[in-house]
file entry.cif (mmCIF, C-alpha atoms)
data_work
#
loop_
_atom_site.label_atom_id
_atom_site.label_comp_id
_atom_site.auth_asym_id
_atom_site.auth_seq_id
_atom_site.Cartn_x
_atom_site.Cartn_y
_atom_site.Cartn_z
CA MET F 217 322.55 59.21 12.11
CA GLY F 218 325.74 61.17 11.61
CA GLU F 219 325.57 64.41 13.47
CA PHE F 220 322.20 63.61 15.05
CA LEU F 221 321.49 61.54 18.12
CA LEU F 222 318.42 59.35 18.60
CA VAL F 223 317.24 58.66 22.14
CA THR F 224 314.43 56.16 22.53
CA ILE F 225 312.65 56.15 25.85
CA GLN F 226 310.92 52.85 26.42
CA VAL F 227 310.71 52.26 30.10
CA ASP F 228 309.39 54.28 32.95
CA MET F 229 312.01 56.70 34.04
CA HIS F 230 312.91 57.10 37.66
CA ASP F 231 315.32 59.54 39.24
CA GLN F 232 318.52 57.59 38.87
CA LEU F 233 317.85 56.60 35.29
CA ALA F 234 316.92 60.14 34.33
CA LEU F 235 320.10 61.58 35.79
CA ARG F 236 322.13 58.87 34.03
CA LEU F 237 320.42 59.73 30.76
CA GLN F 238 321.13 63.44 31.09
CA ASP F 239 324.75 62.69 31.88
CA ASP F 240 325.23 60.24 29.00
CA LEU F 241 323.47 62.51 26.57
CA THR F 242 325.43 65.66 27.34
CA GLN F 243 328.67 63.69 27.18
CA ALA F 244 327.67 62.24 23.80
CA ILE F 245 326.70 65.63 22.39
CA ASP F 246 330.06 66.95 23.42
CA ALA F 247 332.04 63.96 22.14
CA ASN F 248 330.37 63.76 18.71
CA GLY F 249 329.76 67.39 17.94
CA THR F 250 326.08 66.56 17.75
CA LYS F 251 323.85 69.25 16.35
CA GLY F 252 320.52 67.57 16.82
CA VAL F 253 318.86 65.21 19.30
CA LEU F 254 315.70 63.22 18.61
CA ILE F 255 313.85 61.98 21.68
CA ASP F 256 311.45 59.23 20.67
CA ILE F 257 308.62 58.68 23.14
CA SER F 258 306.31 56.64 20.90
CA ALA F 259 306.59 53.73 23.33
CA LEU F 260 305.41 55.79 26.27
CA GLU F 261 301.71 55.41 26.98
CA MET F 262 301.83 57.58 30.01
CA VAL F 263 303.76 60.69 30.81
CA ASP F 264 303.80 62.48 34.13
CA SER F 265 305.16 65.82 35.24
CA PHE F 266 308.48 64.20 36.14
CA ILE F 267 309.14 63.01 32.62
CA GLY F 268 307.82 66.28 31.28
CA ARG F 269 310.35 68.19 33.34
CA MET F 270 313.09 65.76 32.41
CA ILE F 271 312.45 66.33 28.72
CA ALA F 272 312.42 70.08 29.20
CA ASP F 273 315.73 69.81 31.10
CA ILE F 274 317.40 67.72 28.42
CA SER F 275 316.24 70.15 25.80
CA GLY F 276 317.70 73.05 27.75
CA MET F 277 321.03 71.32 28.27
CA ALA F 278 321.25 70.39 24.61
CA ARG F 279 320.52 73.94 23.53
CA ILE F 280 323.33 75.26 25.69
CA LEU F 281 325.61 72.79 23.95
CA ASP F 282 324.41 74.14 20.60
CA ALA F 283 322.26 71.13 19.74
CA LYS F 284 318.56 71.21 18.96
CA THR F 285 316.09 68.80 20.50
CA VAL F 286 313.00 67.42 18.79
CA LEU F 287 310.46 65.32 20.63
CA VAL F 288 308.81 62.73 18.39
CA GLY F 289 306.11 60.10 18.51
CA MET F 290 303.87 61.50 21.20
CA GLN F 291 300.67 59.49 21.54
CA PRO F 292 297.36 61.41 21.61
CA ALA F 293 296.55 60.31 25.14
CA VAL F 294 299.93 61.52 26.31
CA ALA F 295 299.43 64.90 24.63
CA ILE F 296 296.06 65.31 26.33
CA THR F 297 297.54 64.39 29.71
CA LEU F 298 300.35 66.89 29.35
CA VAL F 299 297.92 69.61 28.37
CA GLU F 300 295.65 68.81 31.31
CA LEU F 301 298.70 68.96 33.59
CA GLY F 302 299.50 72.36 32.20
CA LEU F 303 302.79 71.24 30.71
CA SER F 304 303.08 72.70 27.27
CA LEU F 305 306.84 72.08 27.03
CA PRO F 306 307.74 75.49 25.65
CA GLY F 307 311.04 75.58 23.87
CA VAL F 308 310.78 71.92 22.85
CA ALA F 309 310.16 71.27 19.18
CA THR F 310 307.88 68.39 18.34
CA ALA F 311 307.27 66.21 15.31
CA LEU F 312 304.86 63.41 14.51
CA ASN F 313 307.49 60.70 13.93
CA VAL F 314 311.22 60.12 13.59
CA GLU F 315 311.15 60.81 9.86
CA ARG F 316 309.54 64.21 10.29
CA GLY F 317 311.83 64.90 13.23
CA MET F 318 314.86 64.29 11.05
CA GLN F 319 313.49 66.62 8.39
CA LEU F 320 313.00 69.28 11.00
CA LEU F 321 316.51 68.89 12.34
CA LYS F 322 318.06 69.02 8.89
CA HIS F 323 316.02 72.06 8.06
CA THR F 324 317.19 73.72 11.25
CA ARG F 325 320.78 72.83 10.59
CA ASP F 326 320.60 74.26 7.07
CA GLU F 327 319.14 77.46 8.39
CA ALA F 328 321.81 77.68 11.07
CA ASP F 329 324.44 77.14 8.44
CA ALA F 330 323.02 80.02 6.45
CA ASP F 331 323.73 82.18 9.47
CA THR F 332 320.07 82.74 10.28
CA ALA F 333 319.35 82.60 14.01
CA LEU F 334 316.44 80.27 14.75
CA GLU F 335 314.81 80.95 18.08
CA ARG F 336 311.93 78.79 19.19
CA MET M 49 225.73 50.24 49.82
CA THR M 50 229.00 51.41 48.35
CA VAL M 51 229.00 48.66 45.78
CA ASN M 52 225.54 49.62 44.71
CA LYS M 53 226.59 53.19 44.20
CA LYS M 54 229.55 52.23 42.10
CA THR M 55 227.44 49.88 40.06
CA SER M 56 225.04 52.68 39.54
CA ILE M 57 227.77 55.02 38.40
CA SER M 58 229.19 52.74 35.79
CA GLU M 59 225.70 51.71 34.70
CA ALA M 60 224.60 55.30 34.54
CA LEU M 61 227.54 56.17 32.37
CA ALA M 62 227.09 53.11 30.19
CA LYS M 63 223.43 53.95 29.64
CA ARG M 64 224.27 57.40 28.40
CA ARG M 65 227.43 56.48 26.56
CA ASP M 66 226.42 57.99 23.25
CA HIS M 67 225.26 61.24 24.77
CA ILE M 68 228.42 61.53 26.82
CA GLN M 69 230.52 60.91 23.77
CA SER M 70 228.85 63.51 21.62
CA GLN M 71 228.83 66.11 24.39
CA TRP M 72 232.48 65.51 25.23
CA THR M 73 233.53 65.50 21.60
CA GLY M 74 231.73 68.80 21.15
CA GLU M 75 233.61 70.36 24.05
CA LEU M 76 236.91 68.97 22.83
CA LYS M 77 236.34 70.33 19.36
CA SER M 78 235.53 73.81 20.60
CA SER M 79 238.55 73.95 22.93
CA ILE M 80 240.84 72.44 20.31
CA SER M 81 239.86 74.89 17.62
CA THR M 82 241.21 77.81 19.62
CA SER M 83 244.55 76.29 20.45
CA ALA M 84 245.27 73.61 17.86
CA LYS M 85 245.50 75.78 14.75
CA GLY M 86 245.45 72.85 12.43
CA ARG M 87 247.62 70.48 14.43
CA LEU M 88 244.64 68.31 15.19
CA THR M 89 241.58 67.83 13.00
CA SER M 90 238.03 67.50 14.26
CA ALA M 91 237.88 63.99 12.93
CA GLU M 92 240.98 62.99 14.89
CA VAL M 93 239.56 64.51 18.06
CA ALA M 94 236.26 62.67 17.67
CA ASP M 95 238.11 59.45 17.00
CA GLN M 96 240.32 59.81 20.09
CA ALA M 97 237.29 60.54 22.27
CA LYS M 98 235.51 57.47 20.98
CA GLN M 99 238.54 55.23 21.53
CA PHE M 100 239.03 56.50 25.03
CA LEU M 101 235.43 55.88 26.02
CA ASP M 102 235.66 52.38 24.53
CA ILE M 103 238.61 51.64 26.80
CA LEU M 104 237.17 53.49 29.78
CA HIS M 105 233.95 51.51 29.85
CA PRO M 106 235.39 48.08 30.83
CA ALA M 107 237.72 49.75 33.35
CA LEU M 108 234.75 51.46 35.01
CA GLN M 109 232.97 48.16 35.26
CA THR M 110 235.70 46.69 37.41
CA LEU M 111 234.44 49.04 40.09
CA GLN M 112 237.97 50.02 41.05
CA LEU M 113 237.46 53.74 40.78
CA ASP M 114 239.85 54.87 43.50
CA ASP M 115 243.17 53.54 42.38
CA THR M 116 244.06 54.15 38.77
CA ASN M 117 247.47 52.54 39.17
CA GLY M 118 246.03 49.06 39.29
CA SER M 119 246.06 46.56 36.49
CA GLU M 120 242.41 47.24 35.67
CA TRP M 121 243.44 50.62 34.36
CA LEU M 122 246.44 49.44 32.36
CA GLU M 123 244.81 49.94 28.98
CA VAL M 124 243.56 53.36 29.92
CA ARG M 125 247.00 54.45 31.12
CA ALA M 126 248.62 53.05 27.98
CA PHE M 127 246.16 54.98 25.83
CA LEU M 128 246.92 58.20 27.71
CA ASP M 129 250.70 57.60 27.42
CA GLU M 130 250.37 57.25 23.67
CA LEU M 131 248.15 60.32 23.49
CA SER M 132 250.63 62.41 25.51
CA LYS M 133 253.53 61.31 23.36
CA ARG M 134 251.73 62.29 20.19
CA ARG M 135 250.69 65.63 21.65
CA VAL M 136 254.30 66.34 22.68
CA LEU M 137 255.54 65.70 19.18
CA ALA M 138 252.76 67.88 17.75
CA GLY M 139 253.87 70.73 19.98
CA PHE M 140 250.95 70.94 22.40
CA SER M 141 251.51 72.23 25.94
CA SER M 142 250.95 70.09 29.02
CA ASP M 143 247.70 71.77 30.04
CA GLU M 144 246.26 71.51 26.53
CA THR M 145 246.98 67.81 26.69
CA ALA M 146 245.48 67.33 30.16
CA LYS M 147 242.32 69.12 29.06
CA PHE M 148 241.54 66.02 27.08
CA ILE M 149 240.67 64.34 30.37
CA PHE M 150 239.36 67.27 32.34
CA SER M 151 236.87 68.29 29.69
CA LEU M 152 235.19 64.93 30.21
CA LYS M 153 234.02 65.99 33.67
CA ARG M 154 231.17 68.11 32.39
CA SER M 155 229.61 65.33 30.34
CA LEU M 156 229.99 62.75 33.11
CA PHE M 157 228.51 65.09 35.72
CA ASP M 158 225.54 65.75 33.44
CA ALA M 159 224.98 62.03 33.02
CA LEU M 160 225.08 61.54 36.79
CA LYS M 161 222.68 64.44 37.32
CA GLN M 162 220.17 62.83 35.03
CA GLU M 163 220.55 59.41 36.65
CA PHE M 164 220.41 60.53 40.27
CA SER M 165 218.18 63.57 39.92
CA GLY M 166 216.11 62.48 42.89
CA ASP M 167 218.87 61.45 45.26
CA SER M 168 221.23 64.27 46.13
CA ILE M 169 223.49 62.15 48.37
CA GLN M 170 224.07 59.58 45.67
CA LEU M 171 224.63 62.38 43.21
CA ALA M 172 227.21 64.03 45.47
CA ASP M 173 229.00 60.70 46.03
CA GLY M 174 228.95 59.99 42.33
CA ILE M 175 230.33 63.38 41.47
CA TRP M 176 233.09 62.97 44.05
CA GLN M 177 234.13 59.58 42.72
CA VAL M 178 234.14 60.73 39.13
CA THR M 179 236.15 63.80 40.16
CA VAL M 180 238.78 61.69 41.92
CA LEU M 181 238.96 59.34 38.95
CA LEU M 182 239.37 62.04 36.35
CA ASP M 183 241.84 63.98 38.48
CA ASN M 184 244.02 60.87 38.75
CA LEU M 185 243.79 60.22 35.03
CA GLY M 186 244.51 63.86 34.29
CA LEU M 187 247.59 63.81 36.51
CA HIS M 188 248.74 60.64 34.84
CA THR M 189 248.39 62.35 31.48
CA ILE M 190 250.56 65.24 32.63
CA LYS M 191 253.13 62.83 34.05
CA SER M 192 253.48 60.93 30.81
CA TYR M 193 253.54 64.19 28.87
CA GLN M 194 256.54 65.32 30.88
CA LYS M 195 258.28 62.00 30.50
CA ALA M 196 257.75 62.07 26.74
CA ARG M 197 259.24 65.57 26.63
CA GLU M 198 262.30 64.47 28.58
CA ASP M 199 262.79 61.56 26.22
CA VAL M 200 262.81 63.93 23.24
CA ILE M 201 265.36 66.19 24.93
CA ASN M 202 267.63 63.29 25.83
CA ARG M 203 267.52 61.92 22.32
CA GLN M 204 268.32 65.32 20.85
CA GLN M 205 271.25 65.76 23.21
CA GLN M 206 272.68 62.44 22.10
CA GLU M 207 272.33 63.35 18.45
CA LEU M 208 273.91 66.77 18.99
CA LEU M 209 276.92 65.21 20.67
CA GLU M 210 277.41 62.80 17.82
CA LEU M 211 276.96 65.39 15.09
CA SER M 212 279.06 68.06 16.60
CA THR M 213 282.68 67.09 16.18
CA PRO M 214 283.57 65.81 12.73
CA VAL M 215 287.22 65.95 11.70
CA VAL M 216 287.49 66.51 7.98
CA LYS M 217 290.54 65.95 5.80
CA ILE M 218 290.44 68.87 3.39
CA TRP M 219 293.81 68.33 1.79
CA GLU M 220 296.80 66.06 1.94
CA GLY M 221 298.20 66.67 5.38
CA ILE M 222 295.60 69.27 6.30
CA LEU M 223 292.66 68.60 8.61
CA ALA M 224 289.70 70.85 9.30
CA LEU M 225 287.56 70.80 12.41
CA PRO M 226 284.36 72.87 12.12
CA MET M 227 283.15 73.56 15.63
CA ILE M 228 279.48 74.09 16.11
CA GLY M 229 277.94 75.14 19.39
CA THR M 230 279.44 76.01 22.73
CA LEU M 231 282.71 74.51 23.79
CA ASP M 232 282.65 73.05 27.27
CA SER M 233 285.15 70.77 28.95
CA ALA M 234 283.31 67.59 27.99
CA ARG M 235 283.26 68.52 24.32
CA THR M 236 286.84 69.73 24.41
CA GLN M 237 287.85 66.30 25.63
CA ILE M 238 286.01 64.60 22.79
CA VAL M 239 287.36 67.07 20.24
CA MET M 240 290.95 66.64 21.37
CA GLU M 241 290.77 62.87 21.32
CA SER M 242 289.25 62.56 17.87
CA LEU M 243 291.38 65.31 16.35
CA LEU M 244 294.68 64.01 17.71
CA GLN M 245 293.79 60.49 16.65
CA ARG M 246 293.15 61.70 13.11
CA ILE M 247 296.41 63.61 13.06
CA VAL M 248 298.24 60.38 13.80
CA GLU M 249 296.23 58.43 11.24
CA THR M 250 296.61 60.91 8.40
CA GLU M 251 300.06 62.21 9.44
CA ALA M 252 298.60 65.66 9.05
CA GLN M 253 300.79 68.65 9.69
CA ILE M 254 298.19 71.34 9.92
CA ALA M 255 294.85 71.42 11.69
CA ILE M 256 292.39 74.21 10.97
CA ILE M 257 289.86 74.83 13.71
CA ASP M 258 286.91 76.79 12.40
CA ILE M 259 284.92 78.57 15.07
CA THR M 260 282.27 80.21 12.88
CA GLY M 261 279.68 78.09 14.65
CA VAL M 262 280.78 78.95 18.16
CA PRO M 263 278.35 81.59 19.44
CA THR M 264 280.45 83.19 22.16
CA VAL M 265 284.03 83.03 23.25
CA ASP M 266 284.62 83.79 26.90
CA THR M 267 287.70 83.04 28.98
CA LEU M 268 286.62 79.45 29.57
CA VAL M 269 286.02 78.75 25.89
CA ALA M 270 289.30 80.46 25.04
CA GLN M 271 291.06 78.23 27.58
CA HIS M 272 289.56 75.12 26.01
CA LEU M 273 290.58 76.29 22.56
CA LEU M 274 294.13 76.99 23.68
CA LYS M 275 294.33 73.58 25.34
CA THR M 276 293.39 72.01 22.04
CA VAL M 277 295.98 74.11 20.22
CA THR M 278 298.70 73.13 22.70
CA ALA M 279 297.86 69.46 22.36
CA ILE M 280 298.05 69.72 18.57
CA ARG M 281 301.48 71.34 18.81
CA LEU M 282 302.74 68.71 21.20
CA MET M 283 301.90 66.16 18.56
CA GLY M 284 304.14 67.94 16.12
CA ALA M 285 301.43 69.57 14.03
CA ASP M 286 300.51 73.20 13.67
CA CYS M 287 297.20 74.92 14.15
CA ILE M 288 295.26 77.71 12.47
CA ILE M 289 292.04 79.13 13.88
CA SER M 290 289.56 80.39 11.31
CA GLY M 291 286.06 81.83 11.34
CA VAL M 292 286.86 84.55 13.84
CA ARG M 293 283.90 86.93 13.78
CA PRO M 294 284.34 90.64 14.61
CA GLN M 295 282.44 90.18 17.87
CA ILE M 296 284.78 87.44 18.95
CA ALA M 297 287.87 89.44 18.02
CA GLN M 298 286.61 92.23 20.30
CA THR M 299 285.91 89.84 23.13
CA ILE M 300 289.34 88.25 22.90
CA VAL M 301 291.10 91.60 23.11
CA HIS M 302 288.85 92.90 25.89
CA LEU M 303 289.46 89.76 27.93
CA GLY M 304 293.17 90.00 27.36
CA VAL M 305 293.38 86.43 26.11
CA ASP M 306 296.85 85.49 24.91
CA LEU M 307 296.57 83.49 21.74
CA GLN M 308 300.15 82.28 22.09
CA GLY M 309 301.14 82.89 18.54
CA VAL M 310 298.33 80.95 16.93
CA THR M 311 297.58 82.29 13.50
CA THR M 312 293.96 83.36 13.10
CA LYS M 313 292.06 83.89 9.89
CA ALA M 314 288.64 85.38 9.30
CA ASN M 315 287.39 82.51 7.19
CA LEU M 316 288.17 78.96 6.22
CA ALA M 317 289.22 79.90 2.68
CA ASP M 318 292.01 82.13 3.93
CA ALA M 319 293.06 79.50 6.43
CA LEU M 320 293.21 76.85 3.74
CA SER M 321 295.23 79.12 1.48
CA LEU M 322 297.73 79.71 4.27
CA ALA M 323 297.89 76.02 5.15
CA LEU M 324 298.58 75.08 1.55
CA LYS M 325 301.34 77.65 1.31
CA ARG M 326 302.94 76.37 4.49
CA SER M 327 302.74 72.85 3.15
CA GLY M 328 304.61 73.91 0.07
CA PHE M 329 301.75 73.92 -2.42
CA SER M 330 301.27 76.69 -4.92
CA PHE M 331 298.32 77.26 -7.20
CA THR M 332 297.95 79.00 -10.47
CA LYS M 333 294.72 80.16 -11.95
CA HIS M 334 294.23 79.79 -15.67
#

call {"tool": "encode", "arguments": {"input": "entry.cif", "output": "structure tokens"}}
result
Amino acid sequence: MGEFLLVTIQVDMHDQLALRLQDDLTQAIDANGTKGVLIDISALEMVDSFIGRMIADISGMARILDAKTVLVGMQPAVAITLVELGLSLPGVATALNVERGMQLLKHTRDEADADTALER
Amino acid sequence: MTVNKKTSISEALAKRRDHIQSQWTGELKSSISTSAKGRLTSAEVADQAKQFLDILHPALQTLQLDDTNGSEWLEVRAFLDELSKRRVLAGFSSDETAKFIFSLKRSLFDALKQEFSGDSIQLADGIWQVTVLLDNLGLHTIKSYQKAREDVINRQQQELLELSTPVVKIWEGILALPMIGTLDSARTQIVMESLLQRIVETEAQIAIIDITGVPTVDTLVAQHLLKTVTAIRLMGADCIISGVRPQIAQTIVHLGVDLQGVTTKANLADALSLALKRSGFSFTKH
């Protein structure tokens, strides 16, 4: 993936695992000079407020490290649940699938390179 | 003694069957002509009266005049159910329909008067029994009228629900959702599910929600709309709301609803034009 990182979430996250993930991810962003992170949740059939917050946290951490996060592969049922829970995940970009997510990240990177600030 | 009286009643009515029929038909025709306005012809009325009396006769002979819920009256009840249903569909009111039965009283009372002109006690008993009978039948008519009306309403509700949320693919990667009618939480649920499913299937990037057919937008409806918009964005697509009427624009501002950056267009054509531009299409007119 070059300067992008792909994180695939396939199992139910619990506290320990989530903290581990945040740690690993921030370390990896730092080590590789990553500019973009794709979080793939297409395998998740259910999302609760914990995972919602975890995703928002990761996105925030990545942004501070100058990397952009895109959430991909959300299933319709999951989207409805998040909306019903009142979690709109502001500040987190979304895309339909990994392919689109990559396009979005590249587009963002190009814009950043052109010295245009992109605030979401 | 009682049996004799009842025998007399049904015999009395049977004897004067033709007279009863013509008198009743006459009354029906005159009452119908004021209210029917062409929904029911005289011939149909006469025919229904004749059929009813044909079915009534054997039921009367069973001498069970008190309880019309018994099996002896099955055919009569079935006839009245069918009559009520047809009257509902023709747009008659419940009392117009029940008059079918109640207008029979006059003719039956006249027949009894002639039969028992010498015996006032028998006459009074006869009139009472006929009254009870026709009241029960009249009430049954009203009951089946109401049931038939409820069936129509239920069926229409079902059809409305099915018709009301089509998701249309109007261009490559662009979906349109014309909303018709009020938006409540049940419909919002259905809308979100079908729309999001289609977004996944067609890999659409833009969904246009057209609210021309939504009569009013209050805070609740706005909430439901915004929920739908948020869900669409979570899926990685974008949303445009079109068909915003002037009235609705005023309401939204007065209510202080925050549209959260959703682009709104006055009509579907403008929304489509914008969607195409965002998708990278350009058109030239020759």

call {"tool": "interface_residues", "arguments": {"input": "entry.cif", "of": "chain F", "to": "chain M", "cutoff": "10 Å", "atoms": "only C-alpha atoms", "output": "compact mmCIF listing (two decimals) with C-alpha atoms, in the coordinates of the input"}}
result
# COMPACT_ATOMS: atom_id res chain seq x y z
CA VAL F 286 313.00 67.42 18.79
CA LEU F 287 310.46 65.32 20.63
CA VAL F 288 308.81 62.73 18.39
CA GLY F 289 306.11 60.10 18.51
CA MET F 290 303.87 61.50 21.20
CA GLN F 291 300.67 59.49 21.54
CA PRO F 292 297.36 61.41 21.61
CA ALA F 293 296.55 60.31 25.14
CA VAL F 294 299.93 61.52 26.31
CA ALA F 295 299.43 64.90 24.63
CA ILE F 296 296.06 65.31 26.33
CA THR F 297 297.54 64.39 29.71
CA LEU F 298 300.35 66.89 29.35
CA VAL F 299 297.92 69.61 28.37
CA GLU F 300 295.65 68.81 31.31
CA GLY F 302 299.50 72.36 32.20
CA LEU F 303 302.79 71.24 30.71
CA SER F 304 303.08 72.70 27.27
CA LEU F 305 306.84 72.08 27.03
CA PRO F 306 307.74 75.49 25.65
CA VAL F 308 310.78 71.92 22.85
CA ALA F 309 310.16 71.27 19.18
CA THR F 310 307.88 68.39 18.34
CA ALA F 311 307.27 66.21 15.31
CA LEU F 312 304.86 63.41 14.51
CA ASN F 313 307.49 60.70 13.93
CA ARG F 316 309.54 64.21 10.29
CA GLY F 317 311.83 64.90 13.23

call {"tool": "axis_aligned_box", "arguments": {"input": "entry.cif", "around": "region 235-240 of chain M", "padding_each_side": "8 Å", "output": "JSON"}}
result
{"center_x": 287.1, "center_y": 67.2, "center_z": 22.9, "size_x": 23.7, "size_y": 21.1, "size_z": 21.4}

call {"tool": "resolve_selection", "arguments": {"input": "entry.cif", "expression": "the PyMOL selection byres ((chain F and resi 249-261) around 6)", "output": "number ranges by chain"}}
result
F: 219-226, 245-248, 262, 283-290

call {"tool": "resolve_selection", "arguments": {"input": "entry.cif", "expression": "the PyMOL selection byres ((chain M and resi 291) around 8)", "output": "PyMOL selection string"}}
result
chain M and resi 258-260+289-290+292-293+313-316

call {"tool": "resolve_selection", "arguments": {"input": "entry.cif", "expression": "the PyMOL selection byres ((chain M and resi 262) around 12)", "output": "PyMOL selection string"}}
result
chain M and resi 212+226-232+257-261+263-266+269-270+273+290-293+295-296
